[in-house]
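So this block is upload27.cif, mmCIF, C-alpha atoms:
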```cif
data_coords
#
loop_
_atom_site.label_atom_id
_atom_site.label_comp_id
_atom_site.auth_asym_id
_atom_site.auth_seq_id
_atom_site.Cartn_x
_atom_site.Cartn_y
_atom_site.Cartn_z
CA MET G 507 70.81 -59.80 -49.53
CA ILE G 508 68.57 -56.83 -50.31
CA ALA G 509 65.62 -59.15 -50.79
CA LEU G 510 66.42 -60.92 -47.52
CA ARG G 511 66.56 -57.64 -45.60
CA ARG G 512 63.26 -56.57 -47.15
CA LEU G 513 61.76 -59.92 -46.18
CA LEU G 514 62.99 -59.66 -42.60
CA ARG G 515 61.46 -56.19 -42.25
CA ASP G 516 58.04 -57.82 -42.59
CA PRO G 517 57.34 -59.38 -39.15
CA VAL G 518 54.80 -61.84 -40.54
CA ALA G 519 57.18 -63.10 -43.24
CA ALA G 520 60.03 -63.21 -40.71
CA LEU G 521 57.87 -65.39 -38.47
CA GLY G 522 57.19 -67.74 -41.37
CA LEU G 523 60.89 -67.91 -42.19
CA ALA G 524 61.72 -68.69 -38.54
CA ILE G 525 59.18 -71.53 -38.44
CA VAL G 526 60.50 -73.03 -41.69
CA LEU G 527 64.14 -72.77 -40.56
CA PHE G 528 63.26 -74.37 -37.23
CA ALA G 529 61.52 -77.23 -39.07
CA LEU G 530 64.58 -77.69 -41.30
CA VAL G 531 66.87 -77.92 -38.27
CA VAL G 532 64.53 -80.43 -36.62
CA ALA G 533 64.37 -82.50 -39.82
CA VAL G 534 68.16 -82.59 -40.27
CA PHE G 535 68.92 -83.49 -36.66
CA ALA G 536 65.76 -85.53 -35.97
CA PRO G 537 67.51 -88.79 -34.93
CA TRP G 538 69.52 -86.87 -32.33
CA LEU G 539 66.74 -84.57 -31.14
CA ALA G 540 64.14 -87.31 -30.63
CA PRO G 541 64.18 -88.55 -27.00
CA TYR G 542 63.32 -92.08 -28.13
CA PRO G 543 64.38 -92.44 -31.79
CA GLU G 544 63.73 -96.18 -31.73
CA ASP G 545 60.01 -95.40 -31.31
CA ALA G 546 59.79 -94.89 -35.05
CA PHE G 547 59.37 -98.64 -35.46
CA GLU G 548 59.08 -100.23 -32.00
CA SER G 549 56.05 -100.48 -29.73
CA HIS G 550 55.78 -100.63 -25.94
CA ILE G 551 52.27 -101.77 -25.05
CA ILE G 552 52.89 -101.52 -21.32
CA GLN G 553 53.10 -97.70 -21.56
CA ARG G 554 50.31 -97.10 -24.06
CA LEU G 555 48.20 -93.90 -23.98
CA ARG G 556 50.09 -92.22 -21.17
CA PRO G 557 49.26 -88.51 -20.81
CA PRO G 558 51.93 -85.80 -21.16
CA SER G 559 54.51 -85.98 -18.39
CA ALA G 560 58.16 -85.22 -17.68
CA GLU G 561 59.14 -88.57 -19.21
CA PHE G 562 56.86 -88.20 -22.24
CA PRO G 563 56.19 -84.45 -22.82
CA PHE G 564 53.65 -85.17 -25.59
CA GLY G 565 52.36 -88.42 -24.07
CA THR G 566 52.34 -91.84 -25.77
CA ASP G 567 50.17 -93.34 -28.49
CA ALA G 568 48.11 -96.52 -28.64
CA LEU G 569 51.26 -98.63 -29.05
CA GLY G 570 53.17 -96.91 -26.25
CA ARG G 571 55.43 -94.92 -28.56
CA ASP G 572 56.62 -91.46 -27.55
CA ILE G 573 54.58 -88.93 -29.53
CA LEU G 574 57.24 -86.21 -29.23
CA SER G 575 59.79 -88.50 -30.87
CA ARG G 576 57.39 -89.43 -33.65
CA VAL G 577 56.46 -85.78 -34.28
CA ILE G 578 60.15 -84.90 -34.54
CA LEU G 579 60.92 -87.86 -36.79
CA GLY G 580 57.86 -87.07 -38.91
CA THR G 581 59.21 -83.59 -39.69
CA ARG G 582 61.84 -85.03 -42.01
CA GLY G 583 59.26 -87.10 -43.87
CA ALA G 584 56.90 -84.14 -44.25
CA LEU G 585 59.62 -81.90 -45.70
CA VAL G 586 60.96 -84.65 -47.99
CA VAL G 587 57.47 -85.21 -49.38
CA ALA G 588 56.89 -81.47 -49.82
CA VAL G 589 60.19 -80.78 -51.57
CA SER G 590 60.02 -83.90 -53.77
CA VAL G 591 56.44 -83.27 -54.88
CA VAL G 592 56.98 -79.57 -55.60
CA LEU G 593 60.23 -80.25 -57.47
CA ALA G 594 58.60 -82.95 -59.61
CA ALA G 595 55.60 -80.73 -60.29
CA ALA G 596 57.89 -77.85 -61.28
CA LEU G 597 59.82 -80.09 -63.68
CA ILE G 598 56.53 -80.86 -65.43
CA GLY G 599 54.74 -77.53 -65.17
CA VAL G 600 57.54 -75.03 -65.85
CA PRO G 601 58.47 -76.35 -69.35
CA ILE G 602 54.78 -76.57 -70.28
CA GLY G 603 54.22 -72.99 -69.16
CA LEU G 604 57.27 -71.75 -71.05
CA VAL G 605 56.30 -73.45 -74.31
CA ALA G 606 52.62 -72.48 -74.07
CA GLY G 607 53.48 -68.89 -73.18
CA TRP G 608 55.99 -68.48 -76.00
CA ARG G 609 54.23 -70.30 -78.81
CA GLU G 610 51.08 -69.22 -80.57
CA GLY G 611 48.44 -71.41 -82.15
CA TRP G 612 47.13 -74.91 -81.50
CA LEU G 613 50.03 -76.14 -79.35
CA SER G 614 49.63 -73.35 -76.81
CA ASP G 615 45.86 -73.81 -76.76
CA LEU G 616 46.17 -77.58 -76.33
CA LEU G 617 48.64 -77.31 -73.44
CA MET G 618 46.52 -74.75 -71.62
CA ARG G 619 43.29 -76.69 -72.13
CA VAL G 620 44.90 -79.79 -70.63
CA THR G 621 46.08 -77.63 -67.74
CA ASP G 622 42.56 -76.27 -67.29
CA VAL G 623 41.15 -79.80 -67.14
CA PHE G 624 43.49 -80.66 -64.25
CA LEU G 625 42.74 -77.37 -62.51
CA ALA G 626 38.99 -77.94 -62.81
CA VAL G 627 39.18 -80.99 -60.53
CA PRO G 628 39.97 -80.37 -56.83
CA GLN G 629 43.52 -81.48 -56.07
CA LEU G 630 42.55 -83.72 -53.17
CA ILE G 631 39.86 -85.52 -55.19
CA LEU G 632 42.23 -86.09 -58.11
CA ALA G 633 45.02 -87.26 -55.80
CA LEU G 634 42.62 -89.69 -54.11
CA ALA G 635 41.52 -91.06 -57.48
CA LEU G 636 45.10 -91.56 -58.66
CA SER G 637 46.08 -93.13 -55.36
CA GLN G 638 43.23 -95.64 -55.69
CA LEU G 639 44.33 -96.56 -59.20
CA MET G 640 47.85 -97.32 -57.99
CA ARG G 641 49.16 -99.26 -55.02
CA PRO G 642 48.50 -97.27 -51.82
CA GLY G 643 51.60 -95.95 -50.09
CA LEU G 644 53.73 -92.88 -49.56
CA GLY G 645 55.37 -93.17 -52.98
CA THR G 646 51.98 -93.41 -54.65
CA ALA G 647 50.75 -90.38 -52.73
CA MET G 648 53.81 -88.38 -53.83
CA VAL G 649 53.27 -89.30 -57.49
CA ALA G 650 49.58 -88.41 -57.21
CA LEU G 651 50.37 -85.05 -55.60
CA ALA G 652 53.00 -84.19 -58.22
CA LEU G 653 50.59 -85.06 -61.04
CA THR G 654 47.94 -82.80 -59.53
CA TYR G 655 50.11 -79.80 -58.67
CA TRP G 656 52.01 -79.22 -61.92
CA PRO G 657 49.12 -77.18 -63.48
CA PHE G 658 49.70 -74.43 -60.88
CA PHE G 659 53.30 -74.07 -62.06
CA ALA G 660 52.20 -74.21 -65.70
CA ARG G 661 49.67 -71.40 -65.22
CA THR G 662 52.13 -69.24 -63.27
CA VAL G 663 54.93 -69.62 -65.83
CA TYR G 664 52.51 -69.20 -68.73
CA ALA G 665 51.35 -65.83 -67.37
CA GLU G 666 54.93 -64.67 -66.71
CA THR G 667 56.11 -65.78 -70.16
CA ARG G 668 53.21 -64.00 -71.87
CA ARG G 669 54.05 -60.84 -69.96
CA LEU G 670 57.78 -60.99 -70.70
CA ARG G 671 57.63 -62.00 -74.37
CA VAL G 672 56.27 -58.57 -75.37
CA SER G 673 59.06 -56.75 -73.49
CA LEU G 674 61.54 -54.58 -75.36
CA PHE G 675 64.54 -56.63 -74.28
CA VAL G 676 62.98 -59.76 -75.80
CA ASP G 677 62.38 -57.92 -79.09
CA ALA G 678 66.00 -56.73 -79.03
CA LEU G 679 67.30 -60.26 -78.42
CA ALA G 680 65.19 -61.63 -81.28
CA ALA G 681 66.37 -58.80 -83.55
CA ILE G 682 70.03 -59.75 -83.11
CA GLY G 683 69.22 -63.36 -84.04
CA MET G 684 69.20 -65.09 -80.65
CA PRO G 685 67.42 -68.47 -80.89
CA PRO G 686 64.05 -68.70 -79.08
CA ARG G 687 65.28 -71.55 -76.90
CA ARG G 688 68.14 -69.44 -75.57
CA ILE G 689 65.81 -66.48 -74.98
CA LEU G 690 63.48 -68.71 -72.98
CA LEU G 691 66.14 -70.40 -70.87
CA ALA G 692 68.64 -67.57 -70.41
CA HIS G 693 66.33 -64.57 -70.10
CA ILE G 694 62.64 -65.32 -69.64
CA LEU G 695 63.07 -68.20 -67.17
CA PRO G 696 65.37 -66.22 -64.81
CA ASN G 697 62.93 -63.31 -64.86
CA ALA G 698 60.08 -65.69 -64.03
CA ALA G 699 62.08 -67.35 -61.23
CA PRO G 700 60.67 -65.16 -58.40
CA ALA G 701 57.11 -66.17 -59.27
CA ILE G 702 58.18 -69.82 -59.48
CA ILE G 703 59.85 -69.65 -56.05
CA VAL G 704 56.75 -68.10 -54.51
CA ARG G 705 54.53 -70.76 -56.08
CA ALA G 706 56.89 -73.50 -54.83
CA THR G 707 56.95 -72.16 -51.27
CA ILE G 708 53.17 -71.92 -51.04
CA GLY G 709 52.85 -75.26 -52.80
CA MET G 710 54.93 -77.01 -50.16
CA GLY G 711 52.44 -75.94 -47.52
CA PHE G 712 49.50 -77.24 -49.53
CA THR G 713 51.42 -80.45 -50.28
CA ILE G 714 52.08 -81.15 -46.60
CA LEU G 715 48.42 -80.55 -45.80
CA THR G 716 47.20 -82.73 -48.67
CA ALA G 717 49.73 -85.49 -47.89
CA ALA G 718 48.55 -85.48 -44.28
CA THR G 719 44.95 -85.75 -45.50
CA LEU G 720 45.86 -88.71 -47.71
CA GLY G 721 47.59 -90.34 -44.74
CA PHE G 722 44.50 -89.69 -42.63
CA LEU G 723 42.34 -91.38 -45.28
CA GLY G 724 44.66 -94.40 -45.45
CA VAL G 725 46.12 -93.88 -48.92
CA GLY G 726 49.35 -92.17 -47.88
CA ALA G 727 52.01 -93.27 -45.45
CA ALA G 728 51.56 -96.71 -43.90
CA PRO G 729 52.33 -97.87 -40.35
CA PRO G 730 54.77 -97.77 -38.63
CA ASP G 731 56.04 -94.64 -40.44
CA PRO G 732 56.02 -91.57 -38.15
CA ASP G 733 53.58 -89.65 -40.34
CA TRP G 734 51.55 -86.77 -38.89
CA GLY G 735 48.38 -87.43 -40.86
CA LEU G 736 48.53 -91.13 -40.07
CA ALA G 737 48.94 -90.31 -36.37
CA VAL G 738 45.78 -88.19 -36.41
CA ALA G 739 43.90 -91.03 -38.14
CA GLU G 740 45.08 -93.59 -35.57
CA SER G 741 43.96 -91.35 -32.71
CA ARG G 742 40.29 -91.17 -33.72
CA GLN G 743 39.13 -94.19 -31.74
CA HIS G 744 40.81 -92.87 -28.58
CA LEU G 745 39.18 -89.42 -28.54
CA PRO G 746 38.39 -87.47 -26.46
CA GLU G 747 40.11 -89.31 -23.60
CA ALA G 748 43.57 -89.44 -25.22
CA TRP G 749 43.39 -85.88 -26.57
CA TRP G 750 47.19 -85.57 -26.79
CA PHE G 751 47.35 -88.38 -29.35
CA SER G 752 45.94 -86.18 -32.13
CA THR G 753 46.66 -82.72 -30.74
CA PHE G 754 50.42 -82.61 -31.11
CA PRO G 755 50.71 -84.13 -34.64
CA GLY G 756 47.88 -81.80 -35.68
CA LEU G 757 49.70 -78.78 -34.24
CA ALA G 758 52.85 -79.81 -36.12
CA ILE G 759 50.89 -79.81 -39.40
CA LEU G 760 49.31 -76.45 -38.54
CA LEU G 761 52.59 -74.73 -37.64
CA LEU G 762 54.59 -75.95 -40.64
CA VAL G 763 51.83 -75.18 -43.15
CA LEU G 764 51.32 -71.77 -41.53
CA GLY G 765 55.06 -71.03 -41.67
CA LEU G 766 55.31 -71.95 -45.35
CA ASN G 767 52.25 -69.88 -46.26
CA LEU G 768 53.51 -66.83 -44.33
CA LEU G 769 56.91 -67.18 -45.99
CA GLY G 770 55.30 -67.56 -49.41
CA ASP G 771 53.21 -64.43 -48.90
CA GLY G 772 56.32 -62.51 -47.83
CA LEU G 773 58.28 -63.71 -50.85
CA ARG G 774 55.41 -62.70 -53.12
CA ASP G 775 55.45 -59.19 -51.69
CA VAL G 776 59.22 -58.98 -52.18
CA ALA G 777 59.07 -60.35 -55.72
CA ASP G 778 56.18 -58.14 -56.94
CA PRO G 779 57.18 -54.44 -57.15
CA ARG G 780 53.54 -53.41 -57.52
CA LEU G 781 52.70 -54.91 -54.12
CA ARG G 782 55.69 -53.16 -52.58
CA ARG G 783 54.59 -49.82 -53.98
CA SER G 784 51.01 -50.32 -52.83
CA ARG G 785 52.20 -51.08 -49.30
CA GLY G 786 54.77 -48.33 -49.24
#
```

Rewrite the coordinates I just gave you, this time as structure tokens.
Amino acid sequence: MIALRRLLRDPVAALGLAIVLFALVVAVFAPWLAPYPEDAFESHIIQRLRPPSAEFPFGTDALGRDILSRVILGTRGALVVAVSVVLAAALIGVPIGLVAGWREGWLSDLLMRVTDVFLAVPQLILALALSQLMRPGLGTAMVALALTYWPFFARTVYAETRRLRVSLFVDALAAIGMPPRRILLAHILPNAAPAIIVRATIGMGFTILTAATLGFLGVGAAPPDPDWGLAVAESRQHLPEAWWFSTFPGLAILLLVLGLNLLGDGLRDVADPRLRRSRG
């Protein structure tokens, strides 16, 4: 509760939290909030490319589907992709970071050099390459994103483990005979949790943006899924006349990524006492 109050005192972080909570509510209740929920899979050619109006506040797309409904329905997919990718990446990167940070010698060096190899290649380029090697689709994009984001977790946890392993409380635990595995899981991992949460929050924003880019390039979600990146890609041949076709899905990407990044920055400030002192 103290951390939450400190977070809410930061107006920028509070704005990010509000955006994320709003997106969560929209994602949970999307089938009921969407004016035309059947537009996720049905087309109505007779009303194609209608501009924003009282009937269609965001207009319609090239197949006559309500863009507002598809933006709302796409929120759930965007958050599912973000959470799934970040969780999978954390399950890979956190154990690697713990082991590499605790151990000395060749194993630690090997794990960190492999991590450095992944970090040396831009995430989007690596995700595109992996997506081309596998069957294109949303599942493939999620696997590719998870396999390209785990090094960020590994590096974060490695740095935290290195910092904590020389602490006095770790020396005391080792002196009384506590096994290293228990020290890692019961003491070092909980102390590294704030940094992991911050990395996960910021990572969800980058994942949504990268997933939208993959959808735009045709290696992510496939029609007729209500995907924001796919909607922007489908709108290209109708610009600039049908400006609403790309504007509203693009704004949805912008707002959600912005909210997650603002929330991640706020959580980082709360979790890092040095930042709090420097701002106080």

Written as a short mmCIF file (atom, residue, chain, number, x, y, z; two decimals) with C-alpha atoms, in the coordinates of the input, which residues does the PyMOL selection byres ((chain G and resi 573-580) around 7) give for the file shown?
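Output file expr23.cif follows:
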```
data_model
loop_
_atom_site.label_atom_id
_atom_site.label_comp_id
_atom_site.auth_asym_id
_atom_site.auth_seq_id
_atom_site.Cartn_x
_atom_site.Cartn_y
_atom_site.Cartn_z
CA VAL G 532 64.53 -80.43 -36.62
CA ALA G 536 65.76 -85.53 -35.97
CA PRO G 537 67.51 -88.79 -34.93
CA ALA G 540 64.14 -87.31 -30.63
CA PRO G 541 64.18 -88.55 -27.00
CA TYR G 542 63.32 -92.08 -28.13
CA PRO G 543 64.38 -92.44 -31.79
CA ASP G 545 60.01 -95.40 -31.31
CA ALA G 546 59.79 -94.89 -35.05
CA PRO G 563 56.19 -84.45 -22.82
CA PHE G 564 53.65 -85.17 -25.59
CA GLY G 565 52.36 -88.42 -24.07
CA THR G 566 52.34 -91.84 -25.77
CA ASP G 567 50.17 -93.34 -28.49
CA ARG G 571 55.43 -94.92 -28.56
CA ASP G 572 56.62 -91.46 -27.55
CA THR G 581 59.21 -83.59 -39.69
CA ARG G 582 61.84 -85.03 -42.01
CA GLY G 583 59.26 -87.10 -43.87
CA ALA G 584 56.90 -84.14 -44.25
CA PRO G 732 56.02 -91.57 -38.15
CA ASP G 733 53.58 -89.65 -40.34
CA TRP G 734 51.55 -86.77 -38.89
CA PRO G 755 50.71 -84.13 -34.64
#
```

Item to complete: Take the PyMOL selection byres ((chain G and resi 710-715) around 10), apply it to the structure above, and return the hits as a PyMOL selection string.
Response: chain G and resi 583-593+629-630+648+651-652+655+705-709+716-721+734-735+759-770

Worksheet item: Hey, what's within 6 Å of segment 660-671 of chain G if we count only C-alpha atoms and toss same-chain stuff fewer than 6 positions away? As number ranges by chain, please?
Response: G: 599-600, 602-604, 607, 698

Residues from last step as file, C-alpha atoms, as a short mmCIF file (atom, residue, chain, number, x, y, z; two decimals), keeping the file's coordinate frame:
```
data_model
loop_
_atom_site.label_atom_id
_atom_site.label_comp_id
_atom_site.auth_asym_id
_atom_site.auth_seq_id
_atom_site.Cartn_x
_atom_site.Cartn_y
_atom_site.Cartn_z
CA GLY G 599 54.74 -77.53 -65.17
CA VAL G 600 57.54 -75.03 -65.85
CA ILE G 602 54.78 -76.57 -70.28
CA GLY G 603 54.22 -72.99 -69.16
CA LEU G 604 57.27 -71.75 -71.05
CA GLY G 607 53.48 -68.89 -73.18
CA ALA G 698 60.08 -65.69 -64.03
#
```

Worksheet item: What separation in Å, quoted to one decimal, exists between atom CA of Ala594 of chain G and atom CA of Phe659 of chain G?
Response: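 Spanning atom CA of Ala594 of chain G to atom CA of Phe659 of chain G is a straight-line distance of 10.6 Å.
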
Discussion item. Here is a test: counting only C-alpha atoms, which residue of G:Ala568, G:Ala520, G:Val623, G:Asp775 is nearest to Gln553 of chain G?
Written reply: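 The shortest atom-to-atom distance to Gln553 of chain G comes from G:Ala568.
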
Worksheet entry | Å distance separating atom CA of Pro730 of chain G from atom CA of Phe547 of chain G, one decimal place | 5.7 Å

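Atom pair atom CA of Ile551 of chain G / atom CA of Gly570 of chain G: separated by 5.1 Å.
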
Where atoms are lacking, segment 535-546 of chain G completed to all heavy atoms, as a short mmCIF file (atom, residue, chain, number, x, y, z; two decimals), in the frame of the given file:
```
data_model
loop_
_atom_site.label_atom_id
_atom_site.label_comp_id
_atom_site.auth_asym_id
_atom_site.auth_seq_id
_atom_site.Cartn_x
_atom_site.Cartn_y
_atom_site.Cartn_z
N PHE G 535 68.38 -82.89 -37.88
CA PHE G 535 68.92 -83.49 -36.66
C PHE G 535 67.89 -84.35 -35.92
O PHE G 535 68.05 -84.59 -34.72
CB PHE G 535 69.46 -82.40 -35.73
CG PHE G 535 70.58 -81.60 -36.33
CD1 PHE G 535 70.34 -80.33 -36.84
CD2 PHE G 535 71.86 -82.11 -36.40
CE1 PHE G 535 71.37 -79.58 -37.39
CE2 PHE G 535 72.89 -81.38 -36.95
CZ PHE G 535 72.65 -80.10 -37.45
N ALA G 536 66.85 -84.80 -36.62
CA ALA G 536 65.76 -85.53 -35.97
C ALA G 536 66.23 -86.75 -35.18
O ALA G 536 65.79 -86.95 -34.03
CB ALA G 536 64.72 -85.93 -37.01
N PRO G 537 67.11 -87.61 -35.71
CA PRO G 537 67.51 -88.79 -34.93
C PRO G 537 68.20 -88.44 -33.62
O PRO G 537 68.18 -89.25 -32.68
CB PRO G 537 68.46 -89.53 -35.88
CG PRO G 537 68.08 -89.05 -37.25
CD PRO G 537 67.69 -87.62 -37.06
N TRP G 538 68.82 -87.28 -33.55
CA TRP G 538 69.52 -86.87 -32.33
C TRP G 538 68.63 -86.05 -31.41
O TRP G 538 68.86 -86.02 -30.20
CB TRP G 538 70.78 -86.09 -32.69
CG TRP G 538 71.77 -86.91 -33.45
CD1 TRP G 538 72.71 -87.77 -32.96
CD2 TRP G 538 71.89 -86.96 -34.88
NE1 TRP G 538 73.41 -88.36 -33.99
CE2 TRP G 538 72.94 -87.88 -35.18
CE3 TRP G 538 71.22 -86.34 -35.94
CZ2 TRP G 538 73.32 -88.18 -36.48
CZ3 TRP G 538 71.60 -86.64 -37.24
CH2 TRP G 538 72.63 -87.54 -37.50
N LEU G 539 67.64 -85.37 -31.97
CA LEU G 539 66.74 -84.57 -31.14
C LEU G 539 65.63 -85.40 -30.51
O LEU G 539 65.13 -85.05 -29.44
CB LEU G 539 66.11 -83.45 -31.99
CG LEU G 539 67.06 -82.36 -32.50
CD1 LEU G 539 66.31 -81.39 -33.42
CD2 LEU G 539 67.69 -81.60 -31.34
N ALA G 540 65.24 -86.48 -31.15
CA ALA G 540 64.14 -87.31 -30.63
C ALA G 540 64.58 -88.00 -29.34
O ALA G 540 65.62 -88.67 -29.32
CB ALA G 540 63.72 -88.35 -31.66
N PRO G 541 63.79 -87.88 -28.26
CA PRO G 541 64.18 -88.55 -27.00
C PRO G 541 64.25 -90.06 -27.13
O PRO G 541 65.09 -90.71 -26.49
CB PRO G 541 63.06 -88.13 -26.03
CG PRO G 541 62.44 -86.92 -26.64
CD PRO G 541 62.58 -87.09 -28.11
N TYR G 542 63.36 -90.63 -27.95
CA TYR G 542 63.32 -92.08 -28.13
C TYR G 542 63.27 -92.38 -29.64
O TYR G 542 62.21 -92.71 -30.17
CB TYR G 542 62.11 -92.69 -27.43
CG TYR G 542 62.01 -92.33 -25.96
CD1 TYR G 542 61.19 -91.28 -25.54
CD2 TYR G 542 62.74 -93.03 -25.01
CE1 TYR G 542 61.10 -90.94 -24.20
CE2 TYR G 542 62.66 -92.70 -23.67
CZ TYR G 542 61.84 -91.64 -23.27
OH TYR G 542 61.76 -91.31 -21.93
N PRO G 543 64.40 -92.27 -30.32
CA PRO G 543 64.38 -92.44 -31.79
C PRO G 543 63.98 -93.84 -32.22
O PRO G 543 63.49 -94.03 -33.34
CB PRO G 543 65.83 -92.14 -32.19
CG PRO G 543 66.64 -92.32 -30.94
CD PRO G 543 65.74 -91.95 -29.82
N GLU G 544 64.13 -94.83 -31.35
CA GLU G 544 63.73 -96.18 -31.73
C GLU G 544 62.21 -96.32 -31.82
O GLU G 544 61.71 -97.30 -32.38
CB GLU G 544 64.28 -97.20 -30.71
CG GLU G 544 63.63 -97.15 -29.33
CD GLU G 544 64.18 -96.05 -28.43
OE1 GLU G 544 65.09 -95.33 -28.88
OE2 GLU G 544 63.69 -95.92 -27.30
N ASP G 545 61.47 -95.34 -31.27
CA ASP G 545 60.01 -95.40 -31.31
C ASP G 545 59.44 -95.21 -32.71
O ASP G 545 58.22 -95.26 -32.89
CB ASP G 545 59.41 -94.36 -30.37
CG ASP G 545 59.39 -94.85 -28.93
OD1 ASP G 545 59.85 -95.99 -28.70
OD2 ASP G 545 58.93 -94.11 -28.05
N ALA G 546 60.29 -94.98 -33.68
CA ALA G 546 59.79 -94.89 -35.05
C ALA G 546 59.24 -96.23 -35.51
O ALA G 546 58.34 -96.29 -36.35
CB ALA G 546 60.89 -94.42 -35.98
#
```
